[in-house]
Amino acid sequence: MLDRKSKLPFTIGAKSDRGRKRRRNEDYFGVFEPENEELTESRGVLAVLADGMGGHFSGGEASRMAVEVMGETYFKTAENAVNALKAAFVAANNEVFARVGDGKNGVAGTTLTAVAIFPGEFIIAHAGDSRVYIARPGRMDQLTKDHSLVGEMMHKGLLGREEARNHPRRNIITRAVGLRENVEPDIEGPLPFRPGDRILICSDGLSSMLSDGEIAAILLSKDPAAACKALVDMANEKGGDDNTTVIVAMRD
Ligand code: MN
C-alpha cells in the first residue's frame with residue numbers, strides 16, 4: 001500500500017494484492033521519485049507495474065527484477081525521458097532474459113508498464129497485458145494496447161470488449177519482458193495531464209474482474225489511495241481470480 005504526496009503537483013496511491021485464488025502474488029510495482037530536483041524536472045516521477053508469469057525462477061522474481069531495474073536505469077541514462085524509458089526497458093529485458101533465457105530456470109517473463117509523470121504531461125512505455133487508463137469526469141480511455149492473443153483479436157474487430165474480458169484464452173501474452181533477447185516497448189505520449197485527471201495503471205487481475213464502467217466509477221469518486229483499496233476490494237468481491245495491482249496518480 002502506498003499513499004504519497006509527490007513534490008510535483010500530484011498524489012499517488014498504489015496497492016497490490018494476492019487475490020482469492022492464487023497462492024503467491026507475482027505482481028510487483030514501484031513508484032520512483034528522485035531526491036535531486038533537476039532530475040525530477042527532467043524525468044518526473046516514474047510509476048512501474050509488472051505482472052510476472054511462470055518458470056522455476058518464478059514470475060514473482062521476474063516482475064520484481066523488471067520493476068527494480070527499470071526504476072534504477074531510468075534516472076541514470078543521460079538522455080531525454082522517452083529514450084531513458086526505452087533504455088530502461090532494454091536493461092530490464094536484458095536482466096530478466098539473462099536469468100531465464102537459457103531455459104534452465106523455466107520460461108519466465110513479465111508484463112512491464114512504466115509511466116513517467118510530469119506536472120503537465122505523461123509518457124507510457126509498455127509491453128504485455130497490464131493497462132494504463134486516463135479518467136476525467138464523464139470519460140475514461142484505455143491508452144495501452146493489450147499484447148495478448150485476445151487483445152489482438154479485439155483490435156482486429158474479431159471480439160467485443162466484454163467477450164475479450166471473459167475469453168478462456170485471455171492469458172496468452174504475445175509481448176513481454178524476459179521472453180526474448182529483444183523487446184520493443186510501445187511508447188505513448190507525451191499526453192496531457194490536467195488538474196483532476198487520474199492515471200490508472202493496473203494488472204489484468206483488475207481489468208478481467210471489473211468492467212470499464214465499474215473501474216471509472218470508483219476511480220473518479222475517491223482520492224488515489226482510497227480508489228486503489230476500493231478497486232482491489234471489488235476485484236476480490238467478484239472472485240479475486242488473479243493477483244491485482246493498481247497505481248493511481250491524480251493531478252492536483
Ligand atoms: Mn495477472
# chains A, B, ... in the order shown; residues from 1 in each chain; ligands from 1
>>> residues_near_ligand(ligand="ligand 1", cutoff="12 Å", atoms="only C-alpha atoms and all ligand atoms", output="PyMOL selection string")
chain A and resi 16-19+21-22+24-28+49-54+59-60+63+109-112+128-131+148+170-173+202-209+240-246
>>> select_by_dssp(residues="region 1-79 of chain A", states="strand (DSSP E)", output="PyMOL selection string")
chain A and resi 2-5+10-17+27-32+45-53
>>> closest_residue(among="A:Gly13, A:Pro119, A:Gly178, A:Gly103", to="Gly44 (chain A)", atoms="only C-alpha atoms")
A:Pro119
>>> residues_around(residues="Phe193 (chain A)", least_positions_apart="3", cutoff="12 Å", atoms="only C-alpha atoms", output="list in words")
Pro9, Phe10, Val115, Ala116, Ile117, Phe118, Pro119, Gly120, Glu121, Phe122, Ile123, Tyr133, Ile134, Ala135, Arg136, Gly189, Pro190, Gly196, Asp197, Arg198, Ile199, Ala249, Met250, Arg251 and Asp252 of chain A
>>> write_last_selection(atoms="C-alpha atoms", output="PDB file, in the first residue's frame")
ATOM      1  CA  PRO A   9       1.596  18.621  -8.088  1.00  0.00           C
ATOM      2  CA  PHE A  10       0.063  15.182  -7.880  1.00  0.00           C
ATOM      3  CA  VAL A 115       4.612   5.814 -16.799  1.00  0.00           C
ATOM      4  CA  ALA A 116       6.845   8.890 -16.493  1.00  0.00           C
ATOM      5  CA  ILE A 117       4.627  11.558 -14.918  1.00  0.00           C
ATOM      6  CA  PHE A 118       5.270  15.304 -15.176  1.00  0.00           C
ATOM      7  CA  PRO A 119       3.149  18.220 -13.934  1.00  0.00           C
ATOM      8  CA  GLY A 120       1.538  18.757 -17.354  1.00  0.00           C
ATOM      9  CA  GLU A 121       2.056  15.511 -19.240  1.00  0.00           C
ATOM     10  CA  PHE A 122       2.953  11.843 -19.053  1.00  0.00           C
ATOM     11  CA  ILE A 123       4.664   9.236 -21.229  1.00  0.00           C
ATOM     12  CA  TYR A 133      -6.190   4.319 -18.394  1.00  0.00           C
ATOM     13  CA  ILE A 134      -6.838   8.049 -18.161  1.00  0.00           C
ATOM     14  CA  ALA A 135     -10.021   9.147 -16.392  1.00  0.00           C
ATOM     15  CA  ARG A 136     -11.592  12.573 -16.208  1.00  0.00           C
ATOM     16  CA  GLY A 189       2.710  10.245 -25.404  1.00  0.00           C
ATOM     17  CA  PRO A 190       3.578  12.767 -24.169  1.00  0.00           C
ATOM     18  CA  GLY A 196      -8.348  16.455 -11.716  1.00  0.00           C
ATOM     19  CA  ASP A 197      -7.127  13.845 -14.226  1.00  0.00           C
ATOM     20  CA  ARG A 198      -6.445  10.356 -12.903  1.00  0.00           C
ATOM     21  CA  ILE A 199      -3.945   7.988 -14.456  1.00  0.00           C
ATOM     22  CA  ALA A 249      -1.878   9.230  -9.880  1.00  0.00           C
ATOM     23  CA  MET A 250      -4.156  12.252  -9.614  1.00  0.00           C
ATOM     24  CA  ARG A 251      -3.205  15.734 -10.788  1.00  0.00           C
ATOM     25  CA  ASP A 252      -3.971  18.293  -8.047  1.00  0.00           C
TER      26      ASP A 252
END
>>> residues_around(residues="Met154 (chain A)", least_positions_apart="5", cutoff="12 Å", atoms="only C-alpha atoms", output="count of residues only")
14
>>> closest_residue(among="A:Asp233, A:Glu61, A:Asp223, A:Asp141", to="Ile201 (chain A)", atoms="only C-alpha atoms")
A:Asp141
>>> atom_distance(atom1="CA of Gly71 (chain A)", atom2="CA of Phe32 (chain A)")
6.2 Å
>>> atom_distance(atom1="CA of Arg23 (chain A)", atom2="CA of Val67 (chain A)")
21.2 Å
>>> residues_around(residues="Leu39 (chain A)", least_positions_apart="2", cutoff="12 Å", atoms="only C-alpha atoms", output="MDAnalysis selection string")
chainID A and resid 32:37 41:46 74:81 118
>>> write_last_selection(atoms="N, CA and C atoms", output="compact mmCIF listing (two decimals), in the first residue's frame")
# COMPACT_ATOMS: atom_id res chain seq x y z
N PHE A 32 8.97 5.68 -8.25
CA PHE A 32 10.32 6.21 -8.07
C PHE A 32 10.33 7.72 -8.26
N GLU A 33 10.79 8.42 -7.24
CA GLU A 33 10.87 9.88 -7.31
C GLU A 33 12.26 10.28 -6.84
N PRO A 34 13.06 10.91 -7.72
CA PRO A 34 14.43 11.24 -7.32
C PRO A 34 14.47 12.35 -6.27
N GLU A 35 15.54 12.33 -5.45
CA GLU A 35 15.74 13.38 -4.45
C GLU A 35 16.10 14.70 -5.14
N ASN A 36 16.94 14.54 -6.16
CA ASN A 36 17.50 15.66 -6.92
C ASN A 36 16.42 16.41 -7.72
N GLU A 37 16.32 17.73 -7.48
CA GLU A 37 15.24 18.50 -8.10
C GLU A 37 15.36 18.62 -9.62
N GLU A 41 12.72 17.37 -12.45
CA GLU A 41 12.21 18.23 -13.51
C GLU A 41 12.35 17.59 -14.89
N SER A 42 13.50 16.95 -15.14
CA SER A 42 13.73 16.38 -16.47
C SER A 42 13.10 15.01 -16.65
N ARG A 43 12.92 14.27 -15.55
CA ARG A 43 12.43 12.89 -15.67
C ARG A 43 11.08 12.64 -15.00
N GLY A 44 10.63 13.56 -14.16
CA GLY A 44 9.36 13.38 -13.48
C GLY A 44 9.42 12.28 -12.43
N VAL A 45 8.25 11.71 -12.15
CA VAL A 45 8.13 10.58 -11.24
C VAL A 45 7.84 9.35 -12.10
N LEU A 46 8.46 8.23 -11.79
CA LEU A 46 8.24 7.02 -12.59
C LEU A 46 7.41 6.01 -11.81
N TYR A 74 16.22 4.19 -15.37
CA TYR A 74 15.52 5.34 -15.95
C TYR A 74 16.16 6.67 -15.56
N PHE A 75 16.53 6.80 -14.29
CA PHE A 75 17.06 8.09 -13.82
C PHE A 75 18.56 8.25 -14.07
N LYS A 76 19.20 7.17 -14.54
CA LYS A 76 20.66 7.22 -14.73
C LYS A 76 21.06 7.55 -16.15
N THR A 77 20.23 7.23 -17.13
CA THR A 77 20.62 7.46 -18.52
C THR A 77 20.50 8.94 -18.85
N ALA A 78 21.55 9.45 -19.52
CA ALA A 78 21.66 10.89 -19.74
C ALA A 78 20.97 11.34 -21.02
N GLU A 79 19.76 10.89 -21.25
CA GLU A 79 19.05 11.29 -22.45
C GLU A 79 17.70 11.88 -22.07
N ASN A 80 16.86 12.11 -23.05
CA ASN A 80 15.53 12.61 -22.71
C ASN A 80 14.65 11.50 -22.15
N ALA A 81 13.46 11.85 -21.69
CA ALA A 81 12.61 10.88 -20.98
C ALA A 81 12.23 9.69 -21.85
N PHE A 118 4.82 13.92 -15.35
CA PHE A 118 5.27 15.30 -15.18
C PHE A 118 4.06 16.16 -14.80
>>> select_by_dssp(residues="region 35-133 of chain A", states="helix (DSSP H, G or I)", output="number ranges by chain")
A: 37-43, 59-74, 81-100
>>> closest_residue(among="A:Val177, A:Ala226, A:Ala216, A:Met153", to="Met65 (chain A)", atoms="only C-alpha atoms")
A:Val177
>>> closest_residue(among="A:Leu219, A:Thr11, A:Phe89, A:Arg139", to="Pro195 (chain A)", atoms="only C-alpha atoms")
A:Thr11
>>> atom_distance(atom1="CA of Asp212 (chain A)", atom2="CA of Arg4 (chain A)")
25.3 Å
